>>> print(open('start-v5.cif').read())   # mmCIF, N, CA and C atoms and all ligand atoms
data_input
#
loop_
_atom_site.label_atom_id
_atom_site.label_comp_id
_atom_site.auth_asym_id
_atom_site.auth_seq_id
_atom_site.Cartn_x
_atom_site.Cartn_y
_atom_site.Cartn_z
N MET A 1 -0.26 -47.14 -30.42
CA MET A 1 0.52 -46.04 -29.91
C MET A 1 0.22 -45.79 -28.43
N THR A 2 -1.07 -45.92 -28.06
CA THR A 2 -1.43 -45.64 -26.67
C THR A 2 -0.76 -46.61 -25.71
N THR A 3 -0.68 -47.89 -26.11
CA THR A 3 -0.05 -48.87 -25.21
C THR A 3 1.40 -48.49 -24.95
N VAL A 4 2.08 -48.02 -26.01
CA VAL A 4 3.48 -47.62 -25.86
C VAL A 4 3.59 -46.47 -24.87
N ASP A 5 2.72 -45.48 -25.05
CA ASP A 5 2.77 -44.30 -24.19
C ASP A 5 2.47 -44.64 -22.73
N VAL A 6 1.43 -45.45 -22.53
CA VAL A 6 1.06 -45.84 -21.17
C VAL A 6 2.22 -46.54 -20.49
N LYS A 7 2.79 -47.49 -21.23
CA LYS A 7 3.87 -48.28 -20.66
C LYS A 7 5.09 -47.40 -20.36
N ALA A 8 5.42 -46.54 -21.31
CA ALA A 8 6.59 -45.68 -21.13
C ALA A 8 6.39 -44.78 -19.91
N GLY A 9 5.18 -44.25 -19.79
CA GLY A 9 4.91 -43.36 -18.68
C GLY A 9 5.01 -44.07 -17.35
N ARG A 10 4.46 -45.27 -17.33
CA ARG A 10 4.43 -46.01 -16.08
C ARG A 10 5.83 -46.43 -15.64
N MET A 11 6.62 -46.88 -16.61
CA MET A 11 7.91 -47.44 -16.24
C MET A 11 9.05 -46.43 -16.36
N ALA A 12 8.76 -45.32 -17.04
CA ALA A 12 9.77 -44.27 -17.19
C ALA A 12 11.10 -44.85 -17.64
N GLY A 13 11.02 -45.69 -18.65
CA GLY A 13 12.22 -46.40 -19.10
C GLY A 13 13.21 -45.52 -19.82
N GLU A 14 14.42 -46.02 -19.94
CA GLU A 14 15.44 -45.32 -20.70
C GLU A 14 15.08 -45.32 -22.17
N ARG A 15 15.59 -44.33 -22.88
CA ARG A 15 15.30 -44.20 -24.29
C ARG A 15 16.34 -44.93 -25.13
N ILE A 16 15.86 -45.74 -26.04
CA ILE A 16 16.75 -46.50 -26.91
C ILE A 16 16.43 -46.19 -28.36
N LEU A 17 17.47 -45.95 -29.14
CA LEU A 17 17.27 -45.73 -30.57
C LEU A 17 17.64 -47.01 -31.33
N VAL A 18 16.70 -47.53 -32.10
CA VAL A 18 16.96 -48.72 -32.91
C VAL A 18 17.05 -48.29 -34.37
N VAL A 19 18.19 -48.60 -35.01
CA VAL A 19 18.40 -48.23 -36.40
C VAL A 19 18.49 -49.48 -37.25
N ASP A 20 17.49 -49.69 -38.10
CA ASP A 20 17.48 -50.88 -38.96
C ASP A 20 16.62 -50.58 -40.17
N ASP A 21 17.17 -50.82 -41.37
CA ASP A 21 16.39 -50.54 -42.58
C ASP A 21 15.41 -51.67 -42.88
N ASN A 22 15.56 -52.79 -42.20
CA ASN A 22 14.60 -53.87 -42.33
C ASN A 22 13.44 -53.59 -41.38
N LEU A 23 12.30 -53.22 -41.95
CA LEU A 23 11.20 -52.73 -41.12
C LEU A 23 10.64 -53.81 -40.20
N LEU A 24 10.72 -55.06 -40.63
CA LEU A 24 10.24 -56.14 -39.78
C LEU A 24 11.13 -56.27 -38.54
N ASN A 25 12.44 -56.25 -38.77
CA ASN A 25 13.38 -56.31 -37.64
C ASN A 25 13.18 -55.12 -36.70
N LEU A 26 12.99 -53.97 -37.31
CA LEU A 26 12.81 -52.75 -36.53
C LEU A 26 11.58 -52.87 -35.63
N LYS A 27 10.51 -53.41 -36.22
CA LYS A 27 9.27 -53.56 -35.47
C LYS A 27 9.44 -54.58 -34.33
N LEU A 28 10.08 -55.69 -34.66
CA LEU A 28 10.29 -56.74 -33.65
C LEU A 28 11.10 -56.22 -32.47
N ALA A 29 12.19 -55.54 -32.79
CA ALA A 29 13.06 -55.01 -31.73
C ALA A 29 12.30 -53.99 -30.89
N THR A 30 11.50 -53.16 -31.57
CA THR A 30 10.74 -52.13 -30.85
C THR A 30 9.75 -52.77 -29.88
N VAL A 31 8.99 -53.75 -30.37
CA VAL A 31 8.00 -54.43 -29.52
C VAL A 31 8.69 -55.06 -28.31
N LEU A 32 9.78 -55.73 -28.57
CA LEU A 32 10.52 -56.41 -27.51
C LEU A 32 11.00 -55.43 -26.44
N LEU A 33 11.58 -54.33 -26.89
CA LEU A 33 12.16 -53.37 -25.95
C LEU A 33 11.08 -52.60 -25.20
N VAL A 34 10.00 -52.28 -25.89
CA VAL A 34 8.91 -51.56 -25.24
C VAL A 34 8.29 -52.46 -24.16
N ARG A 35 8.15 -53.74 -24.50
CA ARG A 35 7.60 -54.69 -23.54
C ARG A 35 8.51 -54.79 -22.31
N ALA A 36 9.79 -54.61 -22.53
CA ALA A 36 10.75 -54.69 -21.42
C ALA A 36 10.78 -53.38 -20.61
N GLY A 37 10.01 -52.39 -21.08
CA GLY A 37 9.90 -51.17 -20.29
C GLY A 37 10.70 -49.98 -20.79
N TYR A 38 11.31 -50.12 -21.98
CA TYR A 38 12.09 -49.01 -22.51
C TYR A 38 11.24 -48.15 -23.43
N ARG A 39 11.68 -46.91 -23.60
CA ARG A 39 11.08 -46.06 -24.61
C ARG A 39 11.92 -46.21 -25.87
N VAL A 40 11.29 -46.43 -27.00
CA VAL A 40 12.04 -46.77 -28.20
C VAL A 40 11.75 -45.80 -29.34
N ASP A 41 12.82 -45.30 -29.94
CA ASP A 41 12.72 -44.55 -31.18
C ASP A 41 13.24 -45.45 -32.28
N GLY A 42 12.52 -45.53 -33.38
CA GLY A 42 12.98 -46.34 -34.51
C GLY A 42 13.44 -45.45 -35.64
N ALA A 43 14.49 -45.87 -36.33
CA ALA A 43 14.95 -45.16 -37.52
C ALA A 43 15.25 -46.19 -38.60
N ALA A 44 14.68 -45.97 -39.79
CA ALA A 44 14.85 -46.94 -40.87
C ALA A 44 15.98 -46.56 -41.82
N SER A 45 16.65 -45.46 -41.55
CA SER A 45 17.77 -45.05 -42.40
C SER A 45 18.76 -44.25 -41.57
N ALA A 46 19.94 -44.09 -42.13
CA ALA A 46 20.97 -43.32 -41.43
C ALA A 46 20.53 -41.88 -41.20
N ASN A 47 19.89 -41.31 -42.21
CA ASN A 47 19.46 -39.91 -42.06
C ASN A 47 18.40 -39.74 -40.99
N GLU A 48 17.49 -40.71 -40.92
CA GLU A 48 16.49 -40.68 -39.85
C GLU A 48 17.17 -40.79 -38.49
N ALA A 49 18.15 -41.67 -38.42
CA ALA A 49 18.87 -41.88 -37.16
C ALA A 49 19.59 -40.61 -36.73
N ILE A 50 20.22 -39.95 -37.68
CA ILE A 50 20.94 -38.71 -37.37
C ILE A 50 19.96 -37.66 -36.85
N ALA A 51 18.82 -37.53 -37.53
CA ALA A 51 17.81 -36.55 -37.12
C ALA A 51 17.30 -36.87 -35.71
N GLN A 52 17.07 -38.14 -35.47
CA GLN A 52 16.54 -38.57 -34.18
C GLN A 52 17.53 -38.27 -33.06
N LEU A 53 18.79 -38.50 -33.34
CA LEU A 53 19.83 -38.29 -32.34
C LEU A 53 19.97 -36.80 -32.00
N GLU A 54 19.85 -35.97 -33.04
CA GLU A 54 19.94 -34.53 -32.82
C GLU A 54 18.73 -34.04 -32.01
N ARG A 55 17.57 -34.63 -32.30
CA ARG A 55 16.33 -34.19 -31.68
C ARG A 55 16.31 -34.56 -30.20
N GLU A 56 16.59 -35.84 -29.93
CA GLU A 56 16.56 -36.29 -28.55
C GLU A 56 17.51 -37.47 -28.38
N PRO A 57 18.71 -37.23 -27.87
CA PRO A 57 19.70 -38.29 -27.75
C PRO A 57 19.20 -39.41 -26.82
N PRO A 58 19.36 -40.65 -27.25
CA PRO A 58 18.93 -41.78 -26.43
C PRO A 58 20.02 -42.16 -25.42
N GLN A 59 19.72 -43.12 -24.57
CA GLN A 59 20.74 -43.61 -23.63
C GLN A 59 21.54 -44.77 -24.23
N LEU A 60 20.99 -45.34 -25.32
CA LEU A 60 21.65 -46.47 -25.95
C LEU A 60 21.20 -46.55 -27.41
N ILE A 61 22.12 -47.04 -28.26
CA ILE A 61 21.78 -47.17 -29.68
C ILE A 61 21.99 -48.62 -30.12
N ILE A 62 20.98 -49.18 -30.78
CA ILE A 62 21.12 -50.49 -31.41
C ILE A 62 21.19 -50.23 -32.91
N LEU A 63 22.31 -50.58 -33.50
CA LEU A 63 22.62 -50.12 -34.86
C LEU A 63 22.89 -51.27 -35.82
N ASP A 64 22.07 -51.37 -36.85
CA ASP A 64 22.32 -52.34 -37.91
C ASP A 64 23.45 -51.78 -38.78
N LEU A 65 24.50 -52.56 -38.96
CA LEU A 65 25.65 -52.04 -39.71
C LEU A 65 25.39 -51.97 -41.22
N ARG A 66 24.44 -52.80 -41.69
CA ARG A 66 24.18 -52.85 -43.13
C ARG A 66 23.04 -51.94 -43.53
N LEU A 67 23.32 -50.66 -43.51
CA LEU A 67 22.31 -49.69 -43.95
C LEU A 67 22.68 -49.22 -45.35
N PRO A 68 21.66 -48.90 -46.15
CA PRO A 68 21.96 -48.31 -47.47
C PRO A 68 22.47 -46.89 -47.26
N GLU A 69 23.02 -46.31 -48.34
CA GLU A 69 23.58 -44.95 -48.30
C GLU A 69 24.67 -44.85 -47.24
N ILE A 70 24.45 -44.08 -46.20
CA ILE A 70 25.45 -44.00 -45.14
C ILE A 70 25.38 -45.29 -44.33
N GLY A 71 26.47 -46.03 -44.26
CA GLY A 71 26.45 -47.30 -43.55
C GLY A 71 26.51 -47.13 -42.05
N GLY A 72 26.18 -48.19 -41.35
CA GLY A 72 26.18 -48.16 -39.90
C GLY A 72 27.55 -47.87 -39.32
N LEU A 73 28.60 -48.43 -39.95
CA LEU A 73 29.95 -48.20 -39.44
C LEU A 73 30.31 -46.73 -39.49
N GLU A 74 29.95 -46.10 -40.59
CA GLU A 74 30.25 -44.68 -40.76
C GLU A 74 29.49 -43.85 -39.72
N LEU A 75 28.24 -44.24 -39.49
CA LEU A 75 27.44 -43.55 -38.47
C LEU A 75 28.11 -43.67 -37.11
N ALA A 76 28.51 -44.89 -36.78
CA ALA A 76 29.13 -45.13 -35.48
C ALA A 76 30.39 -44.29 -35.32
N ARG A 77 31.22 -44.28 -36.37
CA ARG A 77 32.46 -43.49 -36.32
C ARG A 77 32.16 -42.02 -36.09
N THR A 78 31.16 -41.51 -36.81
CA THR A 78 30.80 -40.09 -36.68
C THR A 78 30.34 -39.77 -35.26
N TRP A 79 29.47 -40.62 -34.72
CA TRP A 79 28.93 -40.36 -33.39
C TRP A 79 30.00 -40.47 -32.32
N LYS A 80 30.90 -41.44 -32.50
CA LYS A 80 31.94 -41.63 -31.48
C LYS A 80 32.97 -40.49 -31.49
N GLN A 81 32.98 -39.70 -32.56
CA GLN A 81 33.89 -38.55 -32.61
C GLN A 81 33.20 -37.27 -32.18
N ASP A 82 31.91 -37.37 -31.90
CA ASP A 82 31.13 -36.19 -31.51
C ASP A 82 30.98 -36.18 -29.99
N PRO A 83 31.51 -35.14 -29.34
CA PRO A 83 31.46 -35.11 -27.87
C PRO A 83 30.04 -35.19 -27.32
N ARG A 84 29.05 -34.79 -28.11
CA ARG A 84 27.66 -34.86 -27.63
C ARG A 84 27.16 -36.29 -27.55
N PHE A 85 27.67 -37.13 -28.44
CA PHE A 85 27.09 -38.46 -28.58
C PHE A 85 28.03 -39.61 -28.24
N CYS A 86 29.32 -39.31 -28.04
CA CYS A 86 30.29 -40.40 -27.92
C CYS A 86 30.06 -41.25 -26.67
N GLY A 87 29.35 -40.71 -25.69
CA GLY A 87 29.12 -41.47 -24.47
C GLY A 87 27.94 -42.43 -24.55
N ILE A 88 27.24 -42.43 -25.68
CA ILE A 88 26.08 -43.33 -25.81
C ILE A 88 26.56 -44.70 -26.30
N PRO A 89 26.33 -45.74 -25.51
CA PRO A 89 26.78 -47.08 -25.93
C PRO A 89 26.08 -47.51 -27.22
N ILE A 90 26.84 -48.17 -28.09
CA ILE A 90 26.27 -48.69 -29.33
C ILE A 90 26.38 -50.21 -29.35
N ILE A 91 25.27 -50.87 -29.60
CA ILE A 91 25.27 -52.31 -29.86
C ILE A 91 25.08 -52.47 -31.36
N ALA A 92 26.14 -52.91 -32.04
CA ALA A 92 26.09 -53.05 -33.49
C ALA A 92 25.55 -54.42 -33.86
N MET A 93 24.81 -54.46 -34.97
CA MET A 93 24.28 -55.74 -35.42
C MET A 93 24.45 -55.89 -36.92
N THR A 94 24.75 -57.10 -37.33
CA THR A 94 24.77 -57.36 -38.76
C THR A 94 24.34 -58.80 -39.01
N ALA A 95 23.86 -59.03 -40.24
CA ALA A 95 23.33 -60.35 -40.56
C ALA A 95 24.45 -61.38 -40.72
N SER A 96 25.59 -60.92 -41.17
CA SER A 96 26.66 -61.88 -41.40
C SER A 96 27.43 -62.14 -40.11
N GLY A 97 27.91 -63.35 -39.98
CA GLY A 97 28.67 -63.68 -38.79
C GLY A 97 30.16 -63.52 -39.02
N LEU A 98 30.51 -62.62 -39.90
CA LEU A 98 31.93 -62.47 -40.25
C LEU A 98 32.73 -61.87 -39.11
N ARG A 99 33.87 -62.46 -38.87
CA ARG A 99 34.78 -61.97 -37.83
C ARG A 99 35.20 -60.53 -38.13
N ALA A 100 35.42 -60.25 -39.42
CA ALA A 100 35.89 -58.92 -39.82
C ALA A 100 34.89 -57.84 -39.44
N ASP A 101 33.60 -58.19 -39.50
CA ASP A 101 32.57 -57.23 -39.14
C ASP A 101 32.68 -56.82 -37.68
N GLU A 102 32.96 -57.81 -36.86
CA GLU A 102 33.08 -57.53 -35.44
C GLU A 102 34.25 -56.60 -35.19
N GLU A 103 35.35 -56.87 -35.88
CA GLU A 103 36.55 -56.04 -35.74
C GLU A 103 36.27 -54.62 -36.24
N ASP A 104 35.60 -54.52 -37.37
CA ASP A 104 35.24 -53.21 -37.92
C ASP A 104 34.37 -52.43 -36.95
N ALA A 105 33.41 -53.12 -36.35
CA ALA A 105 32.50 -52.47 -35.41
C ALA A 105 33.28 -51.92 -34.22
N ARG A 106 34.22 -52.73 -33.74
CA ARG A 106 35.02 -52.31 -32.60
C ARG A 106 35.87 -51.09 -32.95
N LEU A 107 36.49 -51.14 -34.13
CA LEU A 107 37.34 -50.03 -34.57
C LEU A 107 36.53 -48.75 -34.76
N ALA A 108 35.28 -48.91 -35.17
CA ALA A 108 34.42 -47.74 -35.36
C ALA A 108 33.97 -47.16 -34.03
N GLY A 109 34.22 -47.90 -32.95
CA GLY A 109 33.89 -47.38 -31.62
C GLY A 109 32.68 -48.01 -30.98
N CYS A 110 32.07 -48.99 -31.64
CA CYS A 110 30.90 -49.66 -31.06
C CYS A 110 31.35 -50.47 -29.84
N GLU A 111 30.64 -50.31 -28.75
CA GLU A 111 30.97 -51.05 -27.54
C GLU A 111 30.66 -52.54 -27.70
N HIS A 112 29.59 -52.83 -28.42
CA HIS A 112 29.15 -54.22 -28.51
C HIS A 112 28.79 -54.60 -29.93
N TYR A 113 28.80 -55.90 -30.16
CA TYR A 113 28.51 -56.42 -31.47
C TYR A 113 27.69 -57.69 -31.33
N MET A 114 26.64 -57.79 -32.12
CA MET A 114 25.87 -59.03 -32.13
C MET A 114 25.60 -59.44 -33.57
N ALA A 115 25.86 -60.72 -33.87
CA ALA A 115 25.59 -61.23 -35.19
C ALA A 115 24.15 -61.73 -35.23
N LYS A 116 23.44 -61.34 -36.27
CA LYS A 116 22.07 -61.83 -36.43
C LYS A 116 22.10 -63.21 -37.07
N PRO A 117 21.25 -64.14 -36.78
CA PRO A 117 20.19 -63.96 -35.79
C PRO A 117 20.74 -64.12 -34.38
N PHE A 118 20.31 -63.25 -33.49
CA PHE A 118 20.80 -63.33 -32.13
C PHE A 118 19.66 -63.77 -31.21
N VAL A 119 20.00 -64.18 -30.03
CA VAL A 119 19.00 -64.59 -29.06
C VAL A 119 18.45 -63.33 -28.39
N LEU A 120 17.14 -63.15 -28.47
CA LEU A 120 16.54 -61.93 -27.95
C LEU A 120 16.86 -61.72 -26.48
N ALA A 121 16.84 -62.79 -25.72
CA ALA A 121 17.12 -62.68 -24.29
C ALA A 121 18.53 -62.12 -24.06
N GLU A 122 19.45 -62.51 -24.94
CA GLU A 122 20.82 -62.01 -24.81
C GLU A 122 20.90 -60.52 -25.11
N LEU A 123 20.15 -60.11 -26.11
CA LEU A 123 20.13 -58.68 -26.44
C LEU A 123 19.57 -57.88 -25.26
N LEU A 124 18.46 -58.36 -24.71
CA LEU A 124 17.84 -57.66 -23.57
C LEU A 124 18.79 -57.58 -22.39
N GLU A 125 19.50 -58.68 -22.16
CA GLU A 125 20.43 -58.73 -21.03
C GLU A 125 21.55 -57.73 -21.23
N GLN A 126 22.05 -57.68 -22.48
CA GLN A 126 23.14 -56.75 -22.79
C GLN A 126 22.68 -55.31 -22.63
N VAL A 127 21.51 -55.02 -23.15
CA VAL A 127 20.94 -53.67 -23.05
C VAL A 127 20.83 -53.27 -21.58
N ALA A 128 20.31 -54.18 -20.77
CA ALA A 128 20.12 -53.89 -19.34
C ALA A 128 21.45 -53.60 -18.67
N ARG A 129 22.47 -54.42 -18.99
CA ARG A 129 23.79 -54.22 -18.38
C ARG A 129 24.38 -52.87 -18.77
N CYS A 130 24.29 -52.53 -20.04
CA CYS A 130 24.86 -51.26 -20.50
C CYS A 130 24.17 -50.08 -19.82
N LEU A 131 22.89 -50.22 -19.57
CA LEU A 131 22.13 -49.10 -19.01
C LEU A 131 22.21 -49.01 -17.50
N ASN A 132 22.45 -50.14 -16.82
CA ASN A 132 22.46 -50.07 -15.36
C ASN A 132 23.87 -49.95 -14.78
N GLY A 133 24.84 -49.78 -15.69
CA GLY A 133 26.19 -49.49 -15.22
C GLY A 133 27.03 -50.71 -14.86
N THR A 134 26.53 -51.91 -15.15
CA THR A 134 27.29 -53.11 -14.79
C THR A 134 28.04 -53.71 -15.99
N CYS A 135 28.06 -52.97 -17.11
CA CYS A 135 28.75 -53.49 -18.29
C CYS A 135 30.22 -53.07 -18.26
N ASP A 136 31.12 -54.05 -18.26
CA ASP A 136 32.56 -53.79 -18.20
C ASP A 136 33.06 -53.01 -19.42
N VAL A 137 32.58 -53.40 -20.58
CA VAL A 137 33.04 -52.76 -21.81
C VAL A 137 32.69 -51.27 -21.81
N CYS A 138 31.45 -50.97 -21.42
CA CYS A 138 31.03 -49.57 -21.38
C CYS A 138 31.78 -48.81 -20.29
N ALA A 139 32.05 -49.48 -19.20
CA ALA A 139 32.79 -48.83 -18.11
C ALA A 139 34.20 -48.47 -18.58
N ARG A 140 34.85 -49.40 -19.29
CA ARG A 140 36.20 -49.13 -19.81
C ARG A 140 36.17 -47.97 -20.80
N ALA A 141 35.13 -47.95 -21.65
CA ALA A 141 35.01 -46.87 -22.65
C ALA A 141 34.85 -45.53 -21.95
N ARG A 142 34.08 -45.52 -20.86
CA ARG A 142 33.88 -44.28 -20.11
C ARG A 142 35.20 -43.79 -19.51
N THR A 143 35.96 -44.73 -18.94
CA THR A 143 37.24 -44.39 -18.34
C THR A 143 38.19 -43.83 -19.39
N ARG A 144 38.20 -44.49 -20.56
CA ARG A 144 39.09 -44.08 -21.64
C ARG A 144 38.76 -42.66 -22.09
N ARG A 145 37.47 -42.39 -22.22
CA ARG A 145 37.06 -41.05 -22.65
C ARG A 145 37.44 -40.00 -21.60
N ALA A 146 37.26 -40.37 -20.34
CA ALA A 146 37.56 -39.43 -19.25
C ALA A 146 39.04 -39.08 -19.24
N THR A 147 39.90 -40.07 -19.50
CA THR A 147 41.33 -39.82 -19.45
C THR A 147 41.83 -39.09 -20.69
N THR A 148 41.18 -39.34 -21.84
CA THR A 148 41.67 -38.69 -23.06
C THR A 148 41.20 -37.25 -23.16
N THR A 149 40.08 -36.93 -22.51
CA THR A 149 39.59 -35.56 -22.60
C THR A 149 40.14 -34.69 -21.48
N ALA A 150 40.71 -35.34 -20.44
CA ALA A 150 41.23 -34.58 -19.29
C ALA A 150 42.50 -33.83 -19.68
ZN ZN B 201 27.95 -52.06 -22.59
#
>>> encode(input="start-v5.cif", output="structure tokens")
Amino acid sequence: MTTVDVKAGRMAGERILVVDDNLLNLKLATVLLVRAGYRVDGAASANEAIAQLEREPPQLIILDLRLPEIGGLELARTWKQDPRFCGIPIIAMTASGLRADEEDARLAGCEHYMAKPFVLAELLEQVARCLNGTCDVCARARTRRATTTA
């Protein structure tokens, strides 16, 4: 825990919420992102994720679509309809490489989709782009929200 705190303090990284019911995946993603300088909150269930989001909204969400009980797609849809959370980019992940999943993720409002197993370097690159403002997809989503709420 201390290493996480030291690193977070030193780098003052953006906060990322990782939602995955597979604890090994959750741990791997957390280690990777913390090492890259981000502050990471982990949630192993939809309810934990909801609580975490209410407590302290992150700058980005990495969401496993295959969650028990409330699924990831439903979570994404709910958050994207909530003015408090709709501006947080979501990178959706699922184990299956099904085309339909990608389409579902997009329809639910997820900015990005990655099929597992994915290349960690690609995930890090995507996260960095979404957070530093150079991601086209997130930029378009921001513009769309600005015009629909105006
Ligand atoms: Zn993005």
>>> select_by_dssp(input="start-v5.cif", residues="range 51-96 of chain A", states="strand (DSSP E or B)", output="list in words")
Leu60, Ile61, Ile62, Leu63, Asp64, Ile90, Ile91, Ala92, Met93 and Thr94 of chain A
>>> residues_near_ligand(input="start-v5.cif", ligand="ligand ZN 201 (chain B)", cutoff="6.5 Å", atoms="all atoms listed in the file", output="JSON, numbers by chain")
{"A": [89, 111, 112, 126, 129, 130, 131, 135, 136, 137, 138, 139]}
>>> atom_distance(input="start-v5.cif", atom1="atom N of Ala105 in chain A", atom2="atom N of Lys27 in chain A")
22.9 Å
>>> atom_distance(input="start-v5.cif", atom1="CA of Ile61 in chain A", atom2="CA of Thr143 in chain A")
19.4 Å
>>> atom_distance(input="start-v5.cif", atom1="atom N of Glu103 in chain A", atom2="atom N of Leu123 in chain A")
18.4 Å
>>> residues_around(input="start-v5.cif", residues="range 76-84 of chain A", least_positions_apart="5", cutoff="7 Å", atoms="all atoms listed in the file", output="PyMOL selection string")
chain A and resi 71+107-110
